[in-house]
>>> print(open('query-v8.txt').read())   # compact mmCIF, C-alpha atoms
# COMPACT_ATOMS: atom_id res chain seq x y z
CA MET C 73 131.17 -51.50 -169.37
CA PRO C 74 127.93 -53.41 -168.68
CA ILE C 75 125.14 -51.02 -167.73
CA ALA C 76 121.66 -51.92 -166.54
CA THR C 77 118.95 -49.26 -166.61
CA ILE C 78 117.03 -49.45 -163.35
CA ASN C 79 114.23 -46.97 -162.62
CA GLY C 80 115.56 -44.76 -165.40
CA ARG C 81 119.07 -44.61 -163.94
CA GLN C 82 122.23 -46.29 -165.17
CA VAL C 83 123.71 -48.93 -162.91
CA HIS C 84 127.17 -50.41 -163.45
CA VAL C 85 127.01 -54.19 -163.14
CA GLN C 86 129.62 -56.94 -163.41
CA THR C 87 129.08 -60.68 -163.55
CA LEU C 88 131.54 -63.50 -162.92
CA GLY C 89 131.15 -67.27 -163.06
CA THR C 90 129.34 -69.34 -165.69
CA ALA C 91 127.55 -72.08 -163.75
CA GLY C 92 126.07 -72.84 -160.35
CA PRO C 93 123.78 -71.09 -157.86
CA ARG C 94 123.28 -67.35 -158.29
CA ILE C 95 124.63 -64.94 -155.68
CA VAL C 96 124.28 -61.13 -155.70
CA LEU C 97 126.96 -59.21 -153.80
CA VAL C 98 126.04 -55.80 -152.35
CA HIS C 99 128.87 -53.49 -151.29
CA GLY C 100 129.03 -51.00 -148.42
CA MET C 101 128.60 -47.22 -148.51
CA LEU C 102 130.97 -44.36 -149.32
CA ILE C 103 134.17 -46.21 -150.20
CA GLY C 104 132.53 -49.35 -151.62
CA SER C 105 132.07 -50.37 -155.27
CA VAL C 106 132.03 -53.54 -157.37
CA ALA C 107 135.78 -53.63 -156.72
CA SER C 108 135.07 -54.36 -153.03
CA TRP C 109 134.12 -57.86 -154.24
CA TYR C 110 135.81 -58.21 -157.63
CA PHE C 111 139.34 -58.35 -156.22
CA THR C 112 138.51 -60.08 -152.94
CA VAL C 113 135.69 -62.60 -152.45
CA ALA C 114 134.45 -62.89 -156.04
CA PRO C 115 137.39 -64.67 -157.73
CA PRO C 116 137.33 -67.77 -155.48
CA LEU C 117 133.52 -67.70 -155.17
CA SER C 118 132.99 -67.48 -158.95
CA SER C 119 134.21 -71.03 -159.33
CA GLY C 120 130.93 -72.92 -159.03
CA HIS C 121 128.67 -69.86 -158.61
CA ARG C 122 127.24 -67.18 -160.86
CA LEU C 123 127.87 -63.78 -159.31
CA LEU C 124 126.29 -60.39 -159.88
CA MET C 125 127.98 -57.29 -158.48
CA TYR C 126 126.76 -53.72 -158.96
CA ASP C 127 127.67 -50.19 -157.93
CA LEU C 128 125.04 -48.67 -155.64
CA ARG C 129 123.51 -45.27 -156.53
CA SER C 130 126.18 -42.57 -156.83
CA HIS C 131 128.93 -45.11 -156.07
CA GLY C 132 131.66 -46.33 -158.42
CA ARG C 133 130.46 -45.99 -162.01
CA SER C 134 126.73 -45.95 -161.38
CA GLU C 135 124.71 -42.83 -162.06
CA PHE C 136 124.38 -40.09 -159.46
CA SER C 137 121.08 -39.91 -157.62
CA PRO C 138 120.12 -37.09 -155.24
CA GLN C 139 117.86 -39.32 -153.14
CA GLY C 140 116.56 -42.81 -152.45
CA TYR C 141 119.16 -44.15 -149.99
CA GLY C 142 116.72 -45.71 -147.53
CA PHE C 143 116.74 -49.50 -147.44
CA ARG C 144 113.34 -49.97 -149.07
CA SER C 145 114.38 -47.86 -152.03
CA MET C 146 117.78 -49.56 -152.28
CA ALA C 147 116.08 -52.99 -152.01
CA ARG C 148 113.78 -52.00 -154.92
CA ASP C 149 116.84 -51.26 -157.06
CA LEU C 150 118.17 -54.67 -156.11
CA ARG C 151 114.83 -56.34 -156.94
CA ASP C 152 114.84 -54.83 -160.44
CA LEU C 153 118.43 -55.94 -161.01
CA VAL C 154 117.67 -59.46 -159.77
CA LEU C 155 114.59 -59.73 -162.00
CA ASP C 156 116.68 -58.57 -164.93
CA TRP C 157 119.50 -61.01 -164.18
CA ALA C 158 117.73 -64.10 -162.90
CA GLY C 159 114.25 -63.62 -164.41
CA GLY C 160 112.34 -64.31 -161.21
CA GLU C 161 114.44 -67.24 -160.04
CA PRO C 162 115.30 -66.86 -156.31
CA VAL C 163 118.91 -65.87 -155.63
CA THR C 164 121.20 -65.68 -152.61
CA VAL C 165 121.84 -62.08 -151.57
CA ALA C 166 125.02 -61.25 -149.67
CA GLY C 167 125.79 -57.75 -148.44
CA HIS C 168 128.46 -56.02 -146.42
CA SER C 169 127.71 -53.27 -143.86
CA TYR C 170 125.17 -50.88 -145.48
CA GLY C 171 124.88 -53.51 -148.26
CA ALA C 172 123.96 -56.11 -145.62
CA GLY C 173 121.07 -53.89 -144.54
CA ILE C 174 119.95 -53.73 -148.19
CA ALA C 175 120.24 -57.54 -148.52
CA LEU C 176 118.20 -58.09 -145.36
CA ARG C 177 115.52 -55.59 -146.44
CA PHE C 178 115.41 -57.30 -149.87
CA ALA C 179 114.78 -60.69 -148.22
CA LEU C 180 112.02 -59.23 -146.01
CA ASP C 181 110.32 -57.38 -148.88
CA TYR C 182 110.83 -59.94 -151.65
CA PRO C 183 111.00 -63.42 -150.09
CA GLU C 184 109.80 -64.92 -153.38
CA LEU C 185 113.04 -63.73 -155.01
CA THR C 186 115.26 -64.76 -152.09
CA HIS C 187 116.90 -68.15 -151.73
CA LYS C 188 119.28 -67.40 -148.84
CA VAL C 189 120.77 -64.31 -147.18
CA VAL C 190 124.32 -63.55 -146.08
CA VAL C 191 124.54 -60.64 -143.64
CA ILE C 192 128.13 -59.43 -143.27
CA GLU C 193 128.69 -56.82 -140.55
CA ALA C 194 125.23 -55.20 -140.50
CA THR C 195 124.05 -52.87 -137.71
CA LEU C 196 120.56 -52.67 -136.25
CA PRO C 197 119.17 -50.20 -135.65
CA VAL C 198 120.75 -49.04 -138.85
CA VAL C 199 121.85 -45.75 -137.42
CA THR C 200 122.17 -45.01 -133.74
CA ASP C 201 122.32 -41.42 -132.53
CA GLU C 202 125.95 -41.96 -131.71
CA GLY C 203 126.54 -43.55 -135.12
CA ILE C 204 125.04 -40.69 -137.09
CA GLN C 205 126.97 -38.09 -135.12
CA LYS C 206 130.10 -39.98 -135.95
CA LEU C 207 129.08 -40.24 -139.59
CA THR C 208 128.29 -36.56 -139.99
CA ARG C 209 131.61 -35.69 -138.36
CA GLU C 210 133.34 -38.34 -140.34
CA THR C 211 135.65 -37.23 -143.08
CA ALA C 212 136.99 -39.26 -145.94
CA GLU C 213 140.30 -39.37 -144.06
CA SER C 214 138.88 -41.12 -141.03
CA LEU C 215 137.17 -43.67 -143.26
CA ILE C 216 140.46 -44.33 -144.93
CA GLU C 217 141.98 -45.00 -141.51
CA MET C 218 139.75 -48.08 -141.29
CA LEU C 219 141.42 -49.63 -144.32
CA PRO C 220 144.21 -52.19 -144.02
CA PRO C 221 147.62 -50.43 -144.11
CA TRP C 222 148.54 -51.63 -147.61
CA GLN C 223 145.30 -50.13 -148.98
CA ARG C 224 145.46 -47.00 -146.90
CA GLN C 225 148.83 -46.08 -148.43
CA ALA C 226 147.20 -45.71 -151.83
CA PHE C 227 144.95 -42.95 -150.48
CA GLU C 228 147.63 -41.11 -148.58
CA THR C 229 149.58 -39.94 -151.58
CA GLY C 230 147.36 -36.88 -151.97
CA GLY C 231 147.11 -37.86 -155.62
CA ARG C 232 144.23 -38.67 -157.91
CA ARG C 233 142.95 -41.64 -155.91
CA SER C 234 142.71 -39.74 -152.66
CA ARG C 235 141.07 -36.84 -154.48
CA LYS C 236 138.49 -39.16 -156.07
CA ILE C 237 137.58 -40.83 -152.79
CA THR C 238 137.21 -37.47 -151.07
CA GLU C 239 135.02 -36.25 -153.93
CA GLN C 240 132.80 -39.34 -153.70
CA PHE C 241 132.43 -38.84 -149.97
CA GLU C 242 131.64 -35.15 -150.26
CA THR C 243 129.15 -35.71 -153.07
CA LEU C 244 127.26 -38.34 -151.08
CA ALA C 245 127.33 -36.36 -147.85
CA SER C 246 126.40 -32.93 -149.21
CA LYS C 247 124.61 -33.43 -152.55
CA THR C 248 122.40 -36.40 -151.70
CA SER C 249 119.88 -37.28 -149.03
CA MET C 250 121.94 -40.27 -147.90
CA LEU C 251 122.58 -39.11 -144.33
CA GLN C 252 119.00 -37.88 -143.88
CA ASP C 253 117.64 -41.12 -145.33
CA LEU C 254 119.77 -43.14 -142.92
CA MET C 255 118.67 -41.02 -139.97
CA ALA C 256 115.04 -41.57 -140.98
CA GLU C 257 115.53 -45.33 -141.42
CA PRO C 258 113.33 -47.19 -138.92
CA ASP C 259 114.69 -50.13 -136.98
CA ILE C 260 113.36 -53.53 -138.10
CA ASP C 261 110.82 -55.03 -135.68
CA ASP C 262 111.78 -58.25 -133.97
CA ALA C 263 108.42 -59.65 -135.11
CA GLU C 264 109.28 -58.94 -138.75
CA LEU C 265 112.70 -60.58 -138.35
CA ALA C 266 111.10 -63.60 -136.67
CA ALA C 267 108.86 -64.08 -139.71
CA LEU C 268 111.73 -64.27 -142.23
CA ALA C 269 111.41 -67.82 -143.52
CA ARG C 270 114.74 -67.91 -145.35
CA PRO C 271 118.09 -69.30 -144.19
CA VAL C 272 120.40 -66.52 -143.00
CA LEU C 273 124.15 -66.65 -142.44
CA LEU C 274 125.66 -63.94 -140.23
CA CYS C 275 129.36 -63.16 -140.77
CA TYR C 276 131.04 -60.86 -138.27
CA GLY C 277 134.64 -59.96 -137.55
CA THR C 278 136.20 -60.99 -134.25
CA ASP C 279 137.67 -57.47 -133.96
CA THR C 280 134.60 -55.52 -135.02
CA VAL C 281 132.91 -52.76 -133.01
CA GLU C 282 130.38 -53.34 -130.21
CA ILE C 283 127.27 -52.26 -132.16
CA MET C 284 128.04 -54.94 -134.76
CA LYS C 285 128.50 -57.62 -132.13
CA ALA C 286 125.24 -56.62 -130.46
CA THR C 287 123.44 -56.79 -133.81
CA CYS C 288 124.84 -60.26 -134.42
CA GLN C 289 123.46 -61.42 -131.05
CA ARG C 290 120.08 -59.84 -131.72
CA LEU C 291 119.75 -61.40 -135.18
CA LEU C 292 120.80 -64.79 -133.78
CA ALA C 293 118.07 -64.52 -131.15
CA THR C 294 115.28 -63.35 -133.49
CA LEU C 295 115.71 -64.90 -136.95
CA PRO C 296 114.10 -68.35 -137.24
CA ASP C 297 116.68 -70.01 -139.51
CA VAL C 298 120.07 -68.54 -138.71
CA ARG C 299 123.66 -69.42 -138.05
CA ALA C 300 126.65 -67.18 -137.33
CA GLN C 301 130.27 -67.39 -138.35
CA MET C 302 132.92 -65.22 -136.72
CA LEU C 303 135.96 -64.54 -138.90
CA GLU C 304 139.29 -63.15 -137.83
CA SER C 305 138.88 -59.57 -139.07
CA GLY C 306 137.69 -56.07 -138.29
CA HIS C 307 134.63 -54.48 -139.91
CA LEU C 308 135.97 -54.67 -143.48
CA LEU C 309 135.61 -58.44 -143.78
CA PRO C 310 135.64 -58.71 -147.59
CA LEU C 311 138.99 -56.89 -147.66
CA GLU C 312 140.53 -58.41 -144.56
CA ALA C 313 139.45 -62.05 -144.83
CA PRO C 314 138.40 -62.54 -148.47
CA ARG C 315 139.26 -66.21 -148.91
CA HIS C 316 137.78 -67.36 -145.64
CA LEU C 317 134.63 -65.35 -146.34
CA ALA C 318 134.30 -66.85 -149.85
CA GLN C 319 134.66 -70.33 -148.36
CA VAL C 320 132.03 -69.69 -145.68
CA ILE C 321 129.54 -68.23 -148.21
CA ALA C 322 130.08 -71.16 -150.60
CA GLY C 323 129.51 -73.67 -147.79
CA PHE C 324 126.30 -71.92 -146.75
CA VAL C 325 124.90 -71.68 -150.29
CA GLU C 326 125.58 -75.34 -150.95
CA GLU C 327 124.22 -76.54 -147.59
CA GLN C 328 120.93 -78.43 -147.97
CA SER C 329 117.96 -76.54 -146.52
CA ARG C 330 116.93 -77.77 -143.11
CA MET P 159 156.01 -68.36 -175.32
CA ALA P 160 155.04 -64.90 -176.50
CA THR P 161 157.69 -62.91 -178.28
CA GLU P 162 158.92 -59.52 -177.06
CA GLU P 163 157.15 -57.99 -180.01
CA ALA P 164 153.86 -59.65 -179.03
CA ARG P 165 154.27 -58.37 -175.48
CA ALA P 166 155.01 -54.85 -176.68
CA GLN P 167 151.85 -54.99 -178.79
CA ILE P 168 149.76 -56.11 -175.78
CA LEU P 169 151.34 -53.38 -173.64
CA ARG P 170 150.26 -50.77 -176.22
CA GLU P 171 146.74 -52.17 -176.32
CA VAL P 172 146.37 -52.41 -172.53
CA THR P 173 147.62 -48.82 -172.19
CA ALA P 174 145.21 -47.56 -174.86
CA ILE P 175 142.22 -49.33 -173.30
CA LEU P 176 143.16 -48.10 -169.82
CA GLN P 177 143.36 -44.54 -171.14
CA THR P 178 139.81 -44.79 -172.48
CA VAL P 179 138.62 -46.13 -169.10
CA VAL P 180 140.29 -43.38 -167.07
CA GLY P 181 139.50 -40.65 -169.62
CA GLU P 182 140.64 -37.06 -169.32
CA ASP P 183 141.78 -37.63 -165.75
CA TRP P 184 144.84 -39.58 -166.95
CA VAL P 185 147.75 -38.71 -164.67
CA ALA P 186 150.76 -40.42 -166.25
CA GLU P 187 153.22 -38.05 -167.84
CA ALA P 188 155.84 -40.67 -168.65
CA PRO P 189 155.09 -43.50 -171.11
CA VAL P 190 153.63 -46.62 -169.50
CA THR P 191 156.17 -49.46 -169.26
CA MET P 192 156.01 -53.05 -168.02
CA ALA P 193 157.17 -51.81 -164.60
CA THR P 194 154.52 -49.08 -164.21
CA THR P 195 152.11 -49.91 -161.36
CA PHE P 196 148.37 -49.31 -161.64
CA SER P 197 147.82 -47.78 -158.23
CA ARG P 198 151.07 -46.06 -157.23
CA ASP P 199 152.17 -44.76 -160.63
CA LEU P 200 148.92 -44.42 -162.54
CA GLU P 201 146.60 -43.66 -159.58
CA VAL P 202 143.96 -45.91 -161.13
CA GLU P 203 140.92 -46.49 -158.92
CA SER P 204 140.00 -50.09 -158.14
CA VAL P 205 136.63 -49.75 -159.91
CA GLU P 206 138.50 -48.58 -163.04
CA LEU P 207 140.65 -51.68 -162.83
CA VAL P 208 137.44 -53.77 -162.84
CA VAL P 209 136.28 -52.03 -166.02
CA LEU P 210 139.72 -52.50 -167.58
CA PHE P 211 139.66 -56.25 -166.85
CA GLU P 212 136.22 -56.57 -168.35
CA LYS P 213 137.28 -54.72 -171.52
CA LEU P 214 140.38 -56.87 -171.81
CA ARG P 215 138.25 -60.01 -171.60
CA GLU P 216 136.15 -58.60 -174.45
CA ARG P 217 139.27 -57.88 -176.46
CA TYR P 218 141.19 -61.11 -175.88
CA GLY P 219 138.40 -63.63 -175.30
CA ASP P 220 137.23 -65.86 -172.49
CA GLY P 221 140.57 -67.67 -172.40
CA ILE P 222 141.70 -64.72 -170.30
CA ASP P 223 140.43 -66.13 -167.03
CA PHE P 224 140.93 -63.24 -164.61
CA PRO P 225 139.08 -64.85 -161.68
CA GLU P 226 141.38 -67.85 -161.79
CA TRP P 227 144.43 -65.57 -161.95
CA LEU P 228 143.17 -63.36 -159.11
CA THR P 229 142.32 -66.36 -156.92
CA GLY P 230 146.01 -67.16 -156.73
CA MET P 231 146.83 -63.64 -155.53
CA ASP P 232 146.18 -61.93 -152.23
CA THR P 233 144.41 -58.57 -152.24
CA GLU P 234 147.60 -56.71 -151.41
CA ALA P 235 149.29 -58.20 -154.49
CA VAL P 236 146.36 -57.07 -156.65
CA MET P 237 146.75 -53.51 -155.39
CA ASN P 238 150.47 -53.63 -156.22
CA LEU P 239 150.03 -55.02 -159.74
CA ALA P 240 152.29 -53.69 -162.47
CA VAL P 241 151.05 -53.28 -166.03
CA GLY P 242 153.66 -55.87 -167.03
CA ASP P 243 152.10 -58.52 -164.75
CA LEU P 244 148.86 -58.12 -166.68
CA VAL P 245 150.61 -58.10 -170.06
CA ASP P 246 152.48 -61.31 -169.19
CA PHE P 247 149.29 -63.01 -168.08
CA ILE P 248 147.47 -62.05 -171.29
CA ALA P 249 150.45 -63.07 -173.44
CA ALA P 250 150.51 -66.50 -171.81
CA ARG P 251 146.77 -67.10 -172.16
CA LYS P 252 145.62 -65.41 -175.29
CA ALA P 253 144.69 -67.48 -178.31
CA PRO P 254 147.52 -67.48 -180.88
>>> encode(input="query-v8.txt", output="structure tokens")
Amino acid sequence: MPIATINGRQVHVQTLGTAGPRIVLVHGMLIGSVASWYFTVAPPLSSGHRLLMYDLRSHGRSEFSPQGYGFRSMARDLRDLVLDWAGGEPVTVAGHSYGAGIALRFALDYPELTHKVVVIEATLPVVTDEGIQKLTRETAESLIEMLPPWQRQAFETGGRRSRKITEQFETLASKTSMLQDLMAEPDIDDAELAALARPVLLCYGTDTVEIMKATCQRLLATLPDVRAQMLESGHLLPLEAPRHLAQVIAGFVEEQSR
Amino acid sequence: MATEEARAQILREVTAILQTVVGEDWVAEAPVTMATTFSRDLEVESVELVVLFEKLRERYGDGIDFPEWLTGMDTEAVMNLAVGDLVDFIAARKAP
């Protein structure tokens, strides 16, 4: 299993594709891992692109970390991985949900390492009061309810897989500062967004929740070089519309800069 | 065309590698057959399947083009994969 050591912690990474522009894929929180991309968007996208996927702190097969879940800290992890992988060459960063927040923060903090940005179903502000109440009440079961039926079944057996996902959720919620870090996460200023001189593609699901739709509108109005693509899906775009998403990302990466 | 014996050999190797990936948490009581499914029968997590694929590519070489294989499959089919599907794919692609 390929392991990168980032800030003294072990990070599980996977690469696919042998030639073409470099794209890093950043998964979402709690139930996400490299597998969120590896079996969905990555196979079609790896033809003609070099992909890097990694498990975020305490997710999948990466090492447990009690803290450091704010976007600046997560973006620093990503910077170190990108430097390791691409040696300072700018890359496209694409993230889903929490991962989209990390990708956006990465582009704002490290524009010299950023070629383009793909924001898939991000929310701004990152956590609303309503959102955090929902999250702290949230159980692994209600997260699982968001999954497509064919995936949900796998977690409803009460067997090893449902036990593992519950354990991951409980570990993150009770043994790390993730929820506190998210609650402390400041919103991004419109002025900071307006100064992002990198092309951004927004991908949102047609059936997503209101806060996502509002974020899409806000980013469209504030970012200087931005386009949006709505895909027929709910919040879990990589799972629900993998091929369409891969196609849209490929088109954006290959598009000549304006 | 791979012989039955070659397939049986690959099945043994895939099973052994999967056991090292899953570790002490291995749930299967019955022997793994071509019909055993990764998620329903073996309760393998999707991230473990990623690690398995990567180890199989190390073992059998770059001719085992998983991305190309997965591109032809929808995500639901991936979640319902049987060990035999993987064995057949490796048998068809691996260098003689």
>>> closest_residue(input="query-v8.txt", among="P:Asp223, P:Arg198, P:Val209, P:Asp232", to="Arg251 in chain P", atoms="all atoms listed in the file")
P:Asp223
>>> closest_residue(input="query-v8.txt", among="P:Val185, P:Asp220, P:Ser197, P:Ala160", to="Ala235 in chain P", atoms="only C-alpha atoms")
P:Ser197
>>> closest_atom_pairs(input="query-v8.txt", of="chain C", to="chain P", cutoff="10 Å", atoms="all atoms listed in the file", output="tab-separated table")
residue	atom	partner	partner_atom	distance
C:Met73	CA	P:Val209	CA	6.1
C:Pro74	CA	P:Val209	CA	8.9
C:His84	CA	P:Val209	CA	9.6
C:Val85	CA	P:Val209	CA	9.9
C:Gln86	CA	P:Glu212	CA	8.3
C:Thr87	CA	P:Glu212	CA	9.5
C:Leu88	CA	P:Pro225	CA	7.8
C:Gly89	CA	P:Pro225	CA	8.4
C:Gly104	CA	P:Val205	CA	9.3
C:Ser105	CA	P:Val205	CA	6.5
C:Val106	CA	P:Val205	CA	6.5
C:Ala107	CA	P:Val205	CA	5.1
C:Ser108	CA	P:Ser204	CA	8.3
C:Tyr110	CA	P:Val208	CA	7.0
C:Phe111	CA	P:Thr233	CA	6.4
C:Thr112	CA	P:Thr233	CA	6.1
C:Val113	CA	P:Thr229	CA	8.8
C:Ala114	CA	P:Pro225	CA	7.6
C:Pro115	CA	P:Pro225	CA	4.3
C:Pro116	CA	P:Thr229	CA	5.4
C:Leu117	CA	P:Pro225	CA	9.0
C:Ser118	CA	P:Pro225	CA	7.2
C:Ser119	CA	P:Pro225	CA	8.2
C:Asp127	CA	P:Val205	CA	9.2
C:His131	CA	P:Val205	CA	9.8
C:Gly132	CA	P:Val205	CA	6.2
C:Arg133	CA	P:Val205	CA	7.5
C:Pro220	CA	P:Glu234	CA	9.3
C:Pro221	CA	P:Glu234	CA	9.6
C:Trp222	CA	P:Glu234	CA	6.4
C:Gln223	CA	P:Glu234	CA	7.4
C:Gln225	CA	P:Arg198	CA	9.1
C:Ala226	CA	P:Arg198	CA	6.7
C:Phe227	CA	P:Glu201	CA	9.3
C:Thr229	CA	P:Arg198	CA	8.5
C:Gly231	CA	P:Glu201	CA	7.0
C:Arg232	CA	P:Glu201	CA	5.8
C:Arg233	CA	P:Glu201	CA	5.6
C:Ser234	CA	P:Glu201	CA	8.9
C:Lys236	CA	P:Glu203	CA	8.2
C:Ile237	CA	P:Glu203	CA	9.0
C:Pro310	CA	P:Thr233	CA	9.9
C:Leu311	CA	P:Thr233	CA	7.3
C:Glu312	CA	P:Thr233	CA	8.6
C:Ala313	CA	P:Thr233	CA	9.6
C:Pro314	CA	P:Thr233	CA	8.1
C:Arg315	CA	P:Thr229	CA	8.6
>>> residues_around(input="query-v8.txt", residues="Pro271 in chain C", least_positions_apart="2", cutoff="6 Å", atoms="all atoms listed in the file", output="VMD selection string")
chain C and resid 188 297 to 298
>>> atom_distance(input="query-v8.txt", atom1="CA of Tyr141 in chain C", atom2="CA of Ile283 in chain C")
21.2 Å
>>> atom_distance(input="query-v8.txt", atom1="CA of Leu295 in chain C", atom2="CA of Gly120 in chain C")
28.0 Å
>>> residues_around(input="query-v8.txt", residues="Gly242 in chain P", least_positions_apart="6", cutoff="12 Å", atoms="all atoms listed in the file", output="list of chain:residue names")
P:Glu162, P:Arg165, P:Ala166, P:Gln167, P:Ile168, P:Leu169, P:Arg170, P:Val172, P:Thr173, P:Val190, P:Thr191, P:Met192, P:Ala193, P:Thr194, P:Thr195, P:Phe196, P:Ile248, P:Ala249
>>> write_last_selection(input="query-v8.txt", atoms="C-alpha atoms", output="CSV table (one decimal), in the frame of the given file")
chain,number,residue,atom,x,y,z
P,162,GLU,CA,158.9,-59.5,-177.1
P,165,ARG,CA,154.3,-58.4,-175.5
P,166,ALA,CA,155.0,-54.8,-176.7
P,167,GLN,CA,151.8,-55.0,-178.8
P,168,ILE,CA,149.8,-56.1,-175.8
P,169,LEU,CA,151.3,-53.4,-173.6
P,170,ARG,CA,150.3,-50.8,-176.2
P,172,VAL,CA,146.4,-52.4,-172.5
P,173,THR,CA,147.6,-48.8,-172.2
P,190,VAL,CA,153.6,-46.6,-169.5
P,191,THR,CA,156.2,-49.5,-169.3
P,192,MET,CA,156.0,-53.0,-168.0
P,193,ALA,CA,157.2,-51.8,-164.6
P,194,THR,CA,154.5,-49.1,-164.2
P,195,THR,CA,152.1,-49.9,-161.4
P,196,PHE,CA,148.4,-49.3,-161.6
P,248,ILE,CA,147.5,-62.0,-171.3
P,249,ALA,CA,150.4,-63.1,-173.4
>>> atom_distance(input="query-v8.txt", atom1="CA of Thr77 in chain C", atom2="CA of Glu216 in chain P")
21.1 Å
>>> residues_around(input="query-v8.txt", residues="Ser169 in chain C", least_positions_apart="3", cutoff="8 Å", atoms="all atoms listed in the file", output="ChimeraX atom specification")
/C:99-101,172-173,192-195
